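So the structure is just underneath, and the comments pick up after that.
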Amino acid sequence: MESHRKTPIVSLLNVKLYREGHKVLDNISIELYPGEIHAIVGDHDSGKTYIGEILSGVYQPSDGYIYLDNVKRDYLSIAKSQEWGIHTIHQDTHLIDNFTIAENLFTPSFPKAKFPKNKNKMLAEAIGIFKRFNIDIDPGRLFKDLYLSEKIVVNIIRALIRNPRLLILDESLDKLSLTDLQKISNILYENIKQNLSVLCLSHKIDDIYNFADFVSILRSGKIFITDSVDNIDRLNLIKLCYYQINSDEDLSNTSKEFYQLLKYNEAILQKLPTNLIVTDDHNNIKLINETGKKFFLIEDKNFRGEKLDVLITNENRTLLNYLYDALYEKKESSHYNLPLYIAGIVKVINFKTFPIYDGSFLIGNIIIIEDISEQEKLREQINLSEKLASVGLLAAGVAHEINNPLEIIYNHLNYLNIGAKEKEHKEIILEIEEELRDIKAIVSNLISFSDNNNASSEIYNLNDLIFSLINLIRFNAKHKQITILFNPIDSDIMIQTSKNEMKQVLLNLMKNSFEAMPNGGNIQIQTKVENRAGSSCAVILIDDNGCGIDEKNSRDIFLPFFSTKKKNEHNMGLGLSVIYGIIKKYKGEISASNRPSGGTRFKIILPCIC
């Protein structure tokens, strides 16, 4: 757009026009650039047509100047105007009714000129022109037999084949049918790419929003404001065009104040600390505020004029259906706890829609999107903690009740083993003892899981602990064809927990990764420090490229007795529950997620000592 705005091809400077003693144009200044559609909008008595007729050479300005290619012209006749490349399409067609369409296409603009071709050649060439422009009209028909919309189409094509530099549409678009309007719009857009300039004179707001690049608002023969269509919303354009201004009001000051008000209102919306989208009545995006752009990760992109489904893509089809249904209802609406995928990351959102009305006419919508992903995580953690607490109480009671008879049985077995003489009896007793040891290990896990008392804690370097654990399991990892890579932060990370419990946490997680990669793979461990709520925290990331977590089980993996390893009859599903309990005991957090490249990431956050 801006590349065209170097040199105007046509300018009016301080132009005035008097008709029958009345001033119909007052200090009109306007610049028209190649490759742009400029609209002048106003009511029927605003003086729009007089501007077009001055440029067409019909009227001469009473005062002021006309510039063509920055060259001042003291006089512009109809012939000079057309010779330079200005063609006007009026709402009332001025062609010859009893001529064919083909004859009208090639009829000279002045009576003394001669037809350049015979009728057969004109017809053949007209057929080719209509085919090129995709116009389904028979050029052999008489012009008088056409509908008004078709007559205007012929008039526009007639002007375009003369390669105009400026095409003036004097309310002619208003008379086109929807089908013809779409065809002519496409034709004009193609010519605009070749630097055609279009001046559209209209009183219809839709012509502007669906067609023009720049708009000048005309009232009582005065230009009120000139700006990009993007900078003036439809409601305010209506008000500017048709609302009356007090006769003693300074028009230039009003224009300046209104422009400042528009910018002020837009600035407020842009700075709102919520994700906000404004659409027009066709669900085209008019504005995404700064917070919304950050949320959608599009700070360097412009979605203005795009449909909502370009921003909220097909993977969010369910959300889009809810959103379009809400907009279709044309009333305030709210929806809660919906997933939204952005760049492969799932967020949980609430959204609200608010229709914008001008009186009884819908002119757009406001959409507010609330990101509740963190609240959902917190709610899930609270639910999980409550479940674990309940199960913990049950587990503690069960474990202590089992422990007492278990010890008695174990003692009796020792006594029987001492007195047993038969080898077969001794073997049976040893098998029973082995099964009892398994039961005791399960009970010990239950007690560990339900134990809320802090074990003996100490201050130590987390990096050193991880190095020692990797050294401990390196031979087992090599045997299983698993590579362990450790990327520690450069500085020491000092934490205060039970070192044995942290060993249990880390070994269990690495054991899980081993089991997720039966054919070998990679484990990457990283440590870093983050600032959370004003406090320093140690962060441990453990990534593997194993089978990952089934999404339907992702919320349950820290629950006791839950396991995806169904083939292992000795696995009771307590490992991650015990880990969760240990991390929570030291006021930390643990989460599990699938990596975009495949595999699982466990993230542990613990308070650290700086």
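Ordering of the structure tokens sets the chain letters (A, B, ...); residue numbers start at 1 within each chain; ligands are numbered from 1 in the order shown.
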Excluding Tyr328 of chain A and residues on its chain fewer than 2 positions from it, collect all residues at most 12 Å away from it, counting only C-alpha atoms, and give them as a compact mmCIF listing (two decimals) with N, CA and C atoms, in the first residue's frame.
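Here's the written file part_19.txt:
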# COMPACT_ATOMS: atom_id res chain seq x y z
N ASP A 281 -19.35 -7.82 11.47
CA ASP A 281 -20.57 -8.61 11.44
C ASP A 281 -20.46 -9.84 10.54
N HIS A 282 -19.35 -9.95 9.79
CA HIS A 282 -19.11 -11.14 8.96
C HIS A 282 -18.06 -12.06 9.60
N ASN A 283 -17.75 -11.81 10.87
CA ASN A 283 -16.76 -12.60 11.63
C ASN A 283 -15.35 -12.47 11.07
N LEU A 320 -14.19 -23.97 17.68
CA LEU A 320 -14.70 -23.09 16.63
C LEU A 320 -16.22 -23.22 16.47
N ASN A 321 -16.71 -24.45 16.56
CA ASN A 321 -18.16 -24.65 16.44
C ASN A 321 -18.90 -23.93 17.56
N TYR A 322 -18.39 -24.05 18.79
CA TYR A 322 -19.00 -23.34 19.91
C TYR A 322 -18.95 -21.83 19.68
N LEU A 323 -17.80 -21.35 19.16
CA LEU A 323 -17.61 -19.92 18.97
C LEU A 323 -18.54 -19.37 17.89
N TYR A 324 -18.62 -20.07 16.75
CA TYR A 324 -19.49 -19.61 15.67
C TYR A 324 -20.97 -19.70 16.08
N ASP A 325 -21.32 -20.72 16.85
CA ASP A 325 -22.70 -20.82 17.34
C ASP A 325 -23.03 -19.62 18.24
N ALA A 326 -22.07 -19.26 19.09
CA ALA A 326 -22.29 -18.12 19.98
C ALA A 326 -22.44 -16.82 19.20
N LYS A 330 -26.07 -13.97 18.32
CA LYS A 330 -26.10 -12.52 18.41
C LYS A 330 -26.54 -12.03 19.80
N LYS A 331 -26.03 -12.73 20.82
CA LYS A 331 -26.28 -12.28 22.19
C LYS A 331 -25.09 -12.70 23.04
N GLU A 332 -25.02 -12.12 24.25
CA GLU A 332 -23.90 -12.45 25.13
C GLU A 332 -23.91 -13.95 25.42
N SER A 333 -22.71 -14.52 25.40
CA SER A 333 -22.60 -15.97 25.58
C SER A 333 -21.28 -16.30 26.27
N THR A 353 -18.53 -13.94 24.46
CA THR A 353 -18.80 -13.12 23.28
C THR A 353 -19.79 -12.02 23.64
N PHE A 354 -19.54 -10.83 23.11
CA PHE A 354 -20.41 -9.68 23.34
C PHE A 354 -20.72 -9.03 21.99
N PRO A 355 -21.97 -9.09 21.52
CA PRO A 355 -22.31 -8.44 20.26
C PRO A 355 -22.29 -6.92 20.39
N LEU A 362 -26.54 -5.17 14.07
CA LEU A 362 -25.31 -5.79 14.55
C LEU A 362 -24.15 -5.33 13.67
N GLY A 364 -20.74 -5.91 14.81
CA GLY A 364 -19.53 -6.66 15.15
C GLY A 364 -19.67 -7.39 16.47
N ASN A 365 -18.56 -7.97 16.92
CA ASN A 365 -18.54 -8.74 18.17
C ASN A 365 -17.22 -8.52 18.90
| task | Could you give me, as a PyMOL selection string, each residue of segment 9-219 of chain A that DSSP assigns to strand (DSSP E or B) when run on this structure's backbone? | result | chain A and resi 10-19+22-32+37-41+63-68+71-73+86-90+100+142+166-170+197-202+214-219
| task | Can you pull out every residue within 8 Å of Ile40 of chain A, counting only C-alpha atoms, but drop anything in the same chain fewer than 5 positions away, and send it as a list in words? | result | Lys48, Leu199, Cys200, Leu201, Ser202, Val215, Ser216, Ile217 and Leu218 of chain A
Keeping only C-alpha atoms, write the selected residues as a PDB file, in the first residue's frame.
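New file part30.pdb:
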ATOM      1  CA  LYS A  48     -19.772  14.200  -3.843  1.00  0.00           C
ATOM      2  CA  LEU A 199     -12.380   7.177  -6.909  1.00  0.00           C
ATOM      3  CA  CYS A 200     -15.634   5.823  -5.488  1.00  0.00           C
ATOM      4  CA  LEU A 201     -18.390   8.337  -4.722  1.00  0.00           C
ATOM      5  CA  SER A 202     -21.001   6.713  -2.506  1.00  0.00           C
ATOM      6  CA  VAL A 215     -11.940   7.251   2.798  1.00  0.00           C
ATOM      7  CA  SER A 216     -12.742  10.959   2.850  1.00  0.00           C
ATOM      8  CA  ILE A 217     -15.891  11.938   4.698  1.00  0.00           C
ATOM      9  CA  LEU A 218     -17.794  14.812   3.093  1.00  0.00           C
TER      10      LEU A 218
END
| query | Quick one: distance from atom CA of Phe514 of chain A to atom CA of Val346 of chain A in Å, one decimal? | reply |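 Result for atom CA of Phe514 of chain A versus atom CA of Val346 of chain A: 27.3 Å, one decimal.
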| task | Write out as a ChimeraX atom specification which residues come within 7 Å of Gly47 of chain A when counting only C-alpha atoms, dropping same-chain ones fewer than 3 positions away. | result | /A:24-25,50-51,220-221
| request: Write down as a PyMOL selection string the residues belonging to segment 117-204 of chain A that are assigned alpha helix (DSSP H) by DSSP computed on the backbone. | output: chain A and resi 119-132+148-160+178-192
| A:Ile127, A:Ile137, A:Ile408, A:Leu105: which is nearest Ile156 of chain A, counting only C-alpha atoms? |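 The closest residue to Ile156 of chain A is A:Leu105.
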| query | What is the atom CA of Lys286 of chain A to atom CA of Ala267 of chain A distance in Å? | reply |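 Calculated distance between atom CA of Lys286 of chain A and atom CA of Ala267 of chain A is 14.1 Å.
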| query | If you count only C-alpha atoms, which residues fall within 7 Å of Gly520 of chain A, apart from same-chain ones fewer than 3 positions away, as an MDAnalysis selection string? | reply | chainID A and resid 480:482 517
| said: For a quick check of understanding, using only C-alpha atoms, which of A:Leu166, A:Gln526, A:Ser334, A:Leu68 has the smallest distance to Ile489 of chain A? | reply: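 Of all the options, A:Gln526 lies closest to Ile489 of chain A.
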| task | Tell me, in Å to one decimal, how far atom CA of Val58 of chain A is from atom CA of Ser77 of chain A. | result |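 Computed distance, atom CA of Val58 of chain A to atom CA of Ser77 of chain A, equals 6.8 Å.
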| field | Residue contacts of segment 586-597 of chain A (8 Å, only C-alpha atoms) excluding same-chain residues fewer than 4 positions away, as a VMD selection string | value | chain A and resid 344 497 545 548 to 549 554 580 582 601 to 607
